[in-house]
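A.B. asks: First the structure, then my questions, so here it is.
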Amino acid sequence: MKSIILAGGKGTRLYPLSREYFPKQFVNLKGFDKSFFQMTVERVLNFSKPKDVIIITNKNYQFLVKNEIENYGIPDENILLEPEGKNTLNAIYYGVKDLDEDEVVAVFPSDHLILNEDELTDAIKNGKEVSKNYIFTFGIKPNKPHTGYGYIKVGEKLNYGHKVEEFKEKPDLSTAITYLKNGYLWNSGMFLFGVGIFKEEVKKYAYEIYDLFNKKSVEEAFKEVPDLSIDYGILEKSDRVGVIPLNIIWSDLGSFDSLYDIYDKDKNGNVIYDDSEAKYINSKNNFVYSSSDKLISLLNVDNLVVVDTKDSLVICKREKSEDIKKLVKLLKSENDERALYHKKVYRPWGHYEVLEEGQFYKVKRITVFPEKRLSYQLHHHRSEHWVVVKGMAKVVVEGDEKYLRSGESIFVKSGYKHRLENPGKIPLEVIEIQVGEYLEEDDIVRFDDDWGR
């Protein structure tokens, strides 16, 4: 069977851990040895072969995706790029539009956490045949009256699963308590359906999307289709929607309050990782997360989120942590690049981290993955001094090749064509000192690039 992974979301509610160009699905949190995207890939490989996994992502994330799936055997041609984000219905239809109608497809967001996956795998295998007649969503049995999730009212029993009687929007607390008492389920945003029935329902309830994708190119279709989720576009209108209940540990990680739920806590409800991360005195129910070596201490405060990164510190009430998206909106309106990038920026060849910068200089730590290379390029306004600190570097300057070992360096003048390459089997680490009047990333003229940039 086919699996579609939706990996185009920006995840603004987990700022500053996530940024627009490094959203939450690619974040590797404390206590997890893989990103949420990689965990999703491994999850779908329990029932789909690598060649049957389709990834829908934003064009800005294509190289992040390629690096993350390098060892999973998923073909590059299975990465479908959205020209622009137009919500889940368009993304899913893009993924299935060229599939045979007798195919069965499972759809997963790439930023969810599922800790006991066996029940999900069994449900997908058991629901495979029934899904040719229904579009199934997976409903999570709630463990508390959560106000951040949509709810599903369960209807009549089917051969497998149930019909959906009604979808409910995110409720207030008293309504959520009532939903729990009446057996409602959380709406997980995961789906299982036959391609044939899905196309029929899109044609019936979202004809404009069906028509545009079948008559025009992907680029043209995305320009004209309405911004529409699968919930509003199909599920709330169709009478052929079912739900498969799941009793699993699940979170959509939609806020820091959701992250708070998944971590161990001390006797006062404060999240703990190890003794060096944070100290609490007369404080309760706090979430502290630091990606630096800084000790964070809380005294006489309760129910706070404190998230510290190298370039941004956020403090807010836990129950208001979803409002962080308002902060991101403010930063973007002020053209603040901290809404877009971490100090560590990922590229198809590796990554770099800004260590220090001033008006006329910038210092970076550059990591180049084995057998990868940067583009052959020049800069008009800056010169660069490279010092190798780990590995072997192959450097090309104006056509002349040179190999540099750890401790050796080279100076590249502005206006000179140059390239940095890692010919070895271990990551190459280089300290780059930039000097010039203009040091932004758009001062690059590329003459050759392995990724077509």
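Naming scheme: A, B, ... for chains in displayed order of the structure tokens; residues 1 onward per chain; ligands 1 onward as shown.
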Write out as a PyMOL selection string which residues come within 6 Å of region 395-410 of chain A when counting only C-alpha atoms, dropping same-chain ones fewer than 2 positions away.

C.D. replies: chain A and resi 385-390+392-393+417-420

A.B. asks: Would you write out those residues with C-alpha atoms, as a CSV table (one decimal), in the first residue's frame?

C.D. replies:
```csv
chain,number,residue,atom,x,y,z
A,385,HIS,CA,39.5,32.7,5.2
A,386,TRP,CA,39.0,29.0,5.7
A,387,VAL,CA,40.7,27.0,8.5
A,388,VAL,CA,40.2,23.3,8.5
A,389,VAL,CA,39.6,21.9,12.0
A,390,LYS,CA,38.5,18.3,11.2
A,392,MET,CA,40.3,16.7,4.7
A,393,ALA,CA,39.2,19.6,2.5
A,417,LYS,CA,35.5,31.6,-8.1
A,418,HIS,CA,35.9,29.0,-5.5
A,419,ARG,CA,34.5,25.7,-4.1
A,420,LEU,CA,34.8,23.7,-0.9
```

A.B. asks: Please identify every residue of region 245-296 of chain A that has at least one atom no farther than 7 Å from an atom of region 309-326 of chain A, counting only C-alpha atoms, and for each give the shortest atom pair and the distance in Å to one decimal, arranged by chain then increasing number, as CSV.

C.D. replies:
```
residue,atom,partner,partner_atom,distance
A:Ser255,CA,A:Glu322,CA,5.4
A:Phe256,CA,A:Ser321,CA,5.9
A:Asp257,CA,A:Arg318,CA,5.6
A:Ser290,CA,A:Thr309,CA,6.1
A:Ser291,CA,A:Thr309,CA,5.2
A:Ser292,CA,A:Thr309,CA,6.1
```

A.B. asks: When you count only C-alpha atoms, which of these residues is closest to Asp442 (chain A): A:Asp52, A:Val430, A:Lys284, A:Leu378?

C.D. replies: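 Looking at the shortest contact to Asp442 (chain A), the residue is A:Leu378.
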
A.B. asks: Between A:Phe287, A:Phe222, A:Tyr134, A:Phe108, which residue has the minimum interatomic distance to Ile4 (chain A), considering only C-alpha atoms?

C.D. replies: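 For Ile4 (chain A), the nearest of the given residues is A:Phe108.
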
A.B. asks: Using only C-alpha atoms, which residues sit within 9 Å of region 53-65 of chain A once same-chain residues fewer than 3 positions away are excluded, as a PyMOL selection string?

C.D. replies: chain A and resi 1-9+21-23+26+37+41+44-45+48-50+68-70+74-75+77-85+91-92+94-95+346-349+451

A.B. asks: Save the residues we just selected, N, CA and C atoms, as a short mmCIF file (atom, residue, chain, number, x, y, z; two decimals), in the first residue's frame?

C.D. replies:
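Written output follows (part29.cif):
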```
data_model
loop_
_atom_site.label_atom_id
_atom_site.label_comp_id
_atom_site.auth_asym_id
_atom_site.auth_seq_id
_atom_site.Cartn_x
_atom_site.Cartn_y
_atom_site.Cartn_z
N MET A 1 0.84 -1.19 0.00
CA MET A 1 0.00 0.00 0.00
C MET A 1 0.89 1.25 0.00
N LYS A 2 0.30 2.36 -0.40
CA LYS A 2 1.02 3.62 -0.47
C LYS A 2 0.87 4.37 0.86
N SER A 3 1.89 5.15 1.18
CA SER A 3 1.83 6.05 2.33
C SER A 3 2.25 7.45 1.88
N ILE A 4 1.50 8.45 2.32
CA ILE A 4 1.83 9.84 2.04
C ILE A 4 2.21 10.51 3.35
N ILE A 5 3.36 11.16 3.34
CA ILE A 5 3.82 11.92 4.51
C ILE A 5 3.74 13.40 4.16
N LEU A 6 3.00 14.15 4.98
CA LEU A 6 2.85 15.59 4.77
C LEU A 6 3.93 16.31 5.57
N ALA A 7 4.86 16.94 4.87
CA ALA A 7 6.04 17.52 5.53
C ALA A 7 6.26 18.97 5.11
N GLY A 8 5.18 19.70 4.86
CA GLY A 8 5.33 21.07 4.39
C GLY A 8 4.99 22.14 5.40
N GLY A 9 4.57 21.73 6.62
CA GLY A 9 4.15 22.72 7.61
C GLY A 9 5.30 23.49 8.21
N TYR A 21 12.42 28.10 8.19
CA TYR A 21 13.25 27.28 7.32
C TYR A 21 13.80 26.04 8.02
N PHE A 22 13.32 25.80 9.24
CA PHE A 22 13.65 24.56 9.94
C PHE A 22 12.48 24.24 10.87
N PRO A 23 11.35 23.79 10.29
CA PRO A 23 10.13 23.60 11.07
C PRO A 23 10.20 22.39 11.99
N PHE A 26 11.44 18.60 11.63
CA PHE A 26 12.86 18.27 11.50
C PHE A 26 13.64 18.49 12.79
N PHE A 37 10.13 13.79 11.77
CA PHE A 37 9.99 13.36 10.38
C PHE A 37 10.59 11.97 10.18
N VAL A 41 8.78 8.44 9.01
CA VAL A 41 9.24 7.59 7.91
C VAL A 41 9.38 6.15 8.40
N VAL A 44 5.92 4.46 8.78
CA VAL A 44 5.19 4.03 7.58
C VAL A 44 5.89 2.86 6.89
N LEU A 45 7.18 2.69 7.14
CA LEU A 45 7.88 1.55 6.55
C LEU A 45 7.47 0.23 7.19
N SER A 48 4.51 -0.03 4.35
CA SER A 48 4.75 0.38 2.96
C SER A 48 6.23 0.18 2.62
N LYS A 49 6.48 -0.25 1.40
CA LYS A 49 7.85 -0.37 0.94
C LYS A 49 8.40 1.03 0.64
N PRO A 50 9.73 1.20 0.69
CA PRO A 50 10.29 2.53 0.41
C PRO A 50 9.81 3.15 -0.90
N GLU A 68 17.41 13.73 5.31
CA GLU A 68 16.81 12.92 6.37
C GLU A 68 16.43 11.52 5.90
N ILE A 69 16.18 11.34 4.61
CA ILE A 69 15.76 10.01 4.12
C ILE A 69 16.89 9.27 3.43
N GLU A 70 18.11 9.78 3.53
CA GLU A 70 19.23 9.23 2.76
C GLU A 70 19.42 7.73 2.98
N ILE A 74 14.11 5.60 0.02
CA ILE A 74 12.98 6.24 -0.67
C ILE A 74 13.51 7.01 -1.87
N PRO A 75 13.01 6.75 -3.06
CA PRO A 75 13.54 7.43 -4.26
C PRO A 75 13.30 8.94 -4.22
N GLU A 77 12.49 10.79 -6.58
CA GLU A 77 11.31 11.19 -7.37
C GLU A 77 10.01 11.06 -6.57
N ASN A 78 10.06 10.43 -5.40
CA ASN A 78 8.87 10.33 -4.55
C ASN A 78 8.70 11.56 -3.65
N ILE A 79 9.62 12.52 -3.76
CA ILE A 79 9.49 13.77 -3.04
C ILE A 79 8.77 14.76 -3.95
N LEU A 80 7.54 15.11 -3.61
CA LEU A 80 6.74 16.03 -4.42
C LEU A 80 6.76 17.40 -3.76
N LEU A 81 7.10 18.41 -4.54
CA LEU A 81 7.27 19.76 -4.01
C LEU A 81 6.04 20.62 -4.29
N GLU A 82 5.47 21.18 -3.23
CA GLU A 82 4.37 22.13 -3.39
C GLU A 82 4.93 23.48 -3.81
N PRO A 83 4.46 24.05 -4.92
CA PRO A 83 4.91 25.39 -5.29
C PRO A 83 4.57 26.43 -4.23
N GLU A 84 3.47 26.21 -3.51
CA GLU A 84 3.10 27.05 -2.38
C GLU A 84 2.16 26.26 -1.49
N GLY A 85 2.11 26.61 -0.22
CA GLY A 85 1.25 25.89 0.72
C GLY A 85 -0.20 26.25 0.52
N ALA A 91 -2.60 19.23 -0.78
CA ALA A 91 -1.38 18.43 -0.65
C ALA A 91 -1.68 16.95 -0.86
N ILE A 92 -2.76 16.47 -0.24
CA ILE A 92 -3.10 15.04 -0.37
C ILE A 92 -3.53 14.71 -1.80
N TYR A 94 -2.63 16.18 -4.51
CA TYR A 94 -1.39 16.19 -5.28
C TYR A 94 -0.70 14.84 -5.19
N GLY A 95 -0.70 14.25 -4.00
CA GLY A 95 -0.04 12.97 -3.80
C GLY A 95 -0.73 11.80 -4.44
N TYR A 346 20.74 24.88 7.67
CA TYR A 346 20.95 23.63 6.96
C TYR A 346 20.96 23.86 5.45
N ARG A 347 21.88 23.16 4.80
CA ARG A 347 22.04 23.21 3.36
C ARG A 347 22.09 21.77 2.82
N PRO A 348 21.92 21.57 1.52
CA PRO A 348 21.95 20.20 0.99
C PRO A 348 23.30 19.50 1.21
N TRP A 349 24.37 20.27 1.34
CA TRP A 349 25.71 19.69 1.54
C TRP A 349 26.09 19.51 3.00
N TRP A 451 22.96 20.62 -6.89
CA TRP A 451 21.52 20.57 -6.56
C TRP A 451 20.70 21.53 -7.42
#
```

A.B. asks: Run DSSP on the backbone and give me the residues of region 21-73 of chain A it puts in strand (DSSP E), as a list in words.

C.D. replies: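 Filtering region 21-73 of chain A down to strand (DSSP E) leaves Val53, Ile54, Ile55, Ile56, Thr57 and Asn58 of chain A.
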
A.B. asks: Let me see the file: selected residues, C-alpha atoms, as a CSV table (one decimal), in the first residue's frame.

C.D. replies:
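Below you can see selection-v5.csv, which holds the result:
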```csv
chain,number,residue,atom,x,y,z
A,53,VAL,CA,6.3,6.2,0.3
A,54,ILE,CA,5.4,9.6,-1.1
A,55,ILE,CA,6.5,12.8,0.7
A,56,ILE,CA,4.8,16.1,0.1
A,57,THR,CA,6.9,19.1,1.2
A,58,ASN,CA,7.6,22.7,0.6
```

A.B. asks: From the set A:Asp239, A:Asp293, A:Glu334, A:Glu441, which residue has the shortest atom-to-atom contact distance to Lys204 (chain A), counting only C-alpha atoms?

C.D. replies: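 Residue with the minimum atom-to-atom distance to Lys204 (chain A): A:Asp239.
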
A.B. asks: Choose the residue, out of A:Val105, A:Leu14, A:Ile433, A:Val27, that has the smallest atom-to-atom separation from Glu356 (chain A); count only C-alpha atoms.

C.D. replies: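 Looking only at the distances to Glu356 (chain A), the closest residue turns out to be A:Ile433.
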
A.B. asks: So which residues touch region 361-363 of chain A within 9 Å, counting only C-alpha atoms, skipping near sequence neighbours fewer than 3 positions away, as a PDB file with C-alpha atoms, in the first residue's frame?

C.D. replies:
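Final output, saved to out_0.pdb:
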```pdb
ATOM      1  CA  GLU A 353      26.497  27.994  12.284  1.00  0.00           C
ATOM      2  CA  VAL A 354      27.187  31.669  12.867  1.00  0.00           C
ATOM      3  CA  LEU A 355      29.548  31.936  15.839  1.00  0.00           C
ATOM      4  CA  GLU A 356      30.222  35.673  15.860  1.00  0.00           C
ATOM      5  CA  GLU A 357      29.468  38.675  13.682  1.00  0.00           C
ATOM      6  CA  GLY A 358      30.009  42.417  13.486  1.00  0.00           C
ATOM      7  CA  ARG A 382      33.419  39.596   0.819  1.00  0.00           C
ATOM      8  CA  ILE A 431      35.994  27.749  10.423  1.00  0.00           C
ATOM      9  CA  GLU A 432      35.156  30.470   7.914  1.00  0.00           C
ATOM     10  CA  ILE A 433      36.018  34.111   8.612  1.00  0.00           C
ATOM     11  CA  GLN A 434      34.225  36.495   6.244  1.00  0.00           C
ATOM     12  CA  VAL A 435      35.469  40.053   5.800  1.00  0.00           C
ATOM     13  CA  GLY A 436      33.752  42.701   3.669  1.00  0.00           C
ATOM     14  CA  GLU A 437      31.235  45.508   3.366  1.00  0.00           C
ATOM     15  CA  TYR A 438      28.247  43.193   2.726  1.00  0.00           C
ATOM     16  CA  LEU A 439      27.998  39.720   4.299  1.00  0.00           C
TER      17      LEU A 439
END
```

A.B. asks: For region 180-195 of chain A, work out the shell of residues within 9 Å, counting only C-alpha atoms and skipping chain neighbours fewer than 4 positions away, then give it as JSON, numbers by chain.

C.D. replies: {"A": [96, 97, 99, 100, 101, 102, 103, 104, 105, 106, 107, 108, 109, 124, 127, 128, 129, 130, 131, 132, 133, 134, 135, 136, 137, 138, 139, 140, 141, 142, 143, 144, 145, 146, 149, 150, 151, 152, 153, 154, 167, 168, 175, 176, 199, 200, 231, 243, 245, 246, 250, 251, 252]}

A.B. asks: Quick one: residues within 12 Å of Leu212 (chain A), only C-alpha atoms counted, chain neighbours fewer than 3 positions away excluded, as a list of chain:residue names?

C.D. replies: A:Asn90, A:Tyr93, A:Tyr94, A:Lys97, A:Val202, A:Lys203, A:Ala206, A:Tyr207, A:Glu208, A:Ile209, A:Lys215, A:Lys216, A:Ser217, A:Val218, A:Glu219, A:Glu220, A:Ala221, A:Phe222, A:Lys223, A:Glu224, A:Val225, A:Pro226

A.B. asks: Would you save the residues of that selection, restricted to C-alpha atoms, as a compact mmCIF listing (two decimals), in the first residue's frame?

C.D. replies:
```txt
# COMPACT_ATOMS: atom_id res chain seq x y z
CA ASN A 90 -4.52 20.08 -1.98
CA TYR A 93 -4.76 15.30 -3.78
CA TYR A 94 -1.39 16.19 -5.28
CA LYS A 97 -3.79 12.29 -8.41
CA VAL A 202 -13.15 15.39 -4.02
CA LYS A 203 -14.96 15.55 -7.35
CA ALA A 206 -14.36 20.13 -3.99
CA TYR A 207 -14.79 20.03 -7.76
CA GLU A 208 -12.55 23.04 -8.39
CA ILE A 209 -9.58 21.18 -6.92
CA LYS A 215 -6.49 19.89 -16.41
CA LYS A 216 -3.49 22.02 -15.52
CA SER A 217 0.11 21.65 -14.46
CA VAL A 218 0.89 21.36 -10.76
CA GLU A 219 2.29 24.90 -10.71
CA GLU A 220 -0.80 26.36 -12.39
CA ALA A 221 -3.18 24.33 -10.23
CA PHE A 222 -1.59 25.48 -6.99
CA LYS A 223 -1.92 29.09 -8.05
CA GLU A 224 -5.68 28.77 -8.57
CA VAL A 225 -6.95 26.18 -6.06
CA PRO A 226 -8.63 27.43 -2.87
```

A.B. asks: Excluding Ile249 (chain A) and residues on its chain fewer than 5 positions from it, collect all residues at most 7 Å away from it, counting only C-alpha atoms, and give them as a list in words.

C.D. replies: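 Once the adjacent positions are removed, what remains is Ile114, Leu115 and Asn116 of chain A.
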
A.B. asks: How many Å separate CA of Ile248 (chain A) from CA of Gly269 (chain A)?

C.D. replies: 22.7 Å
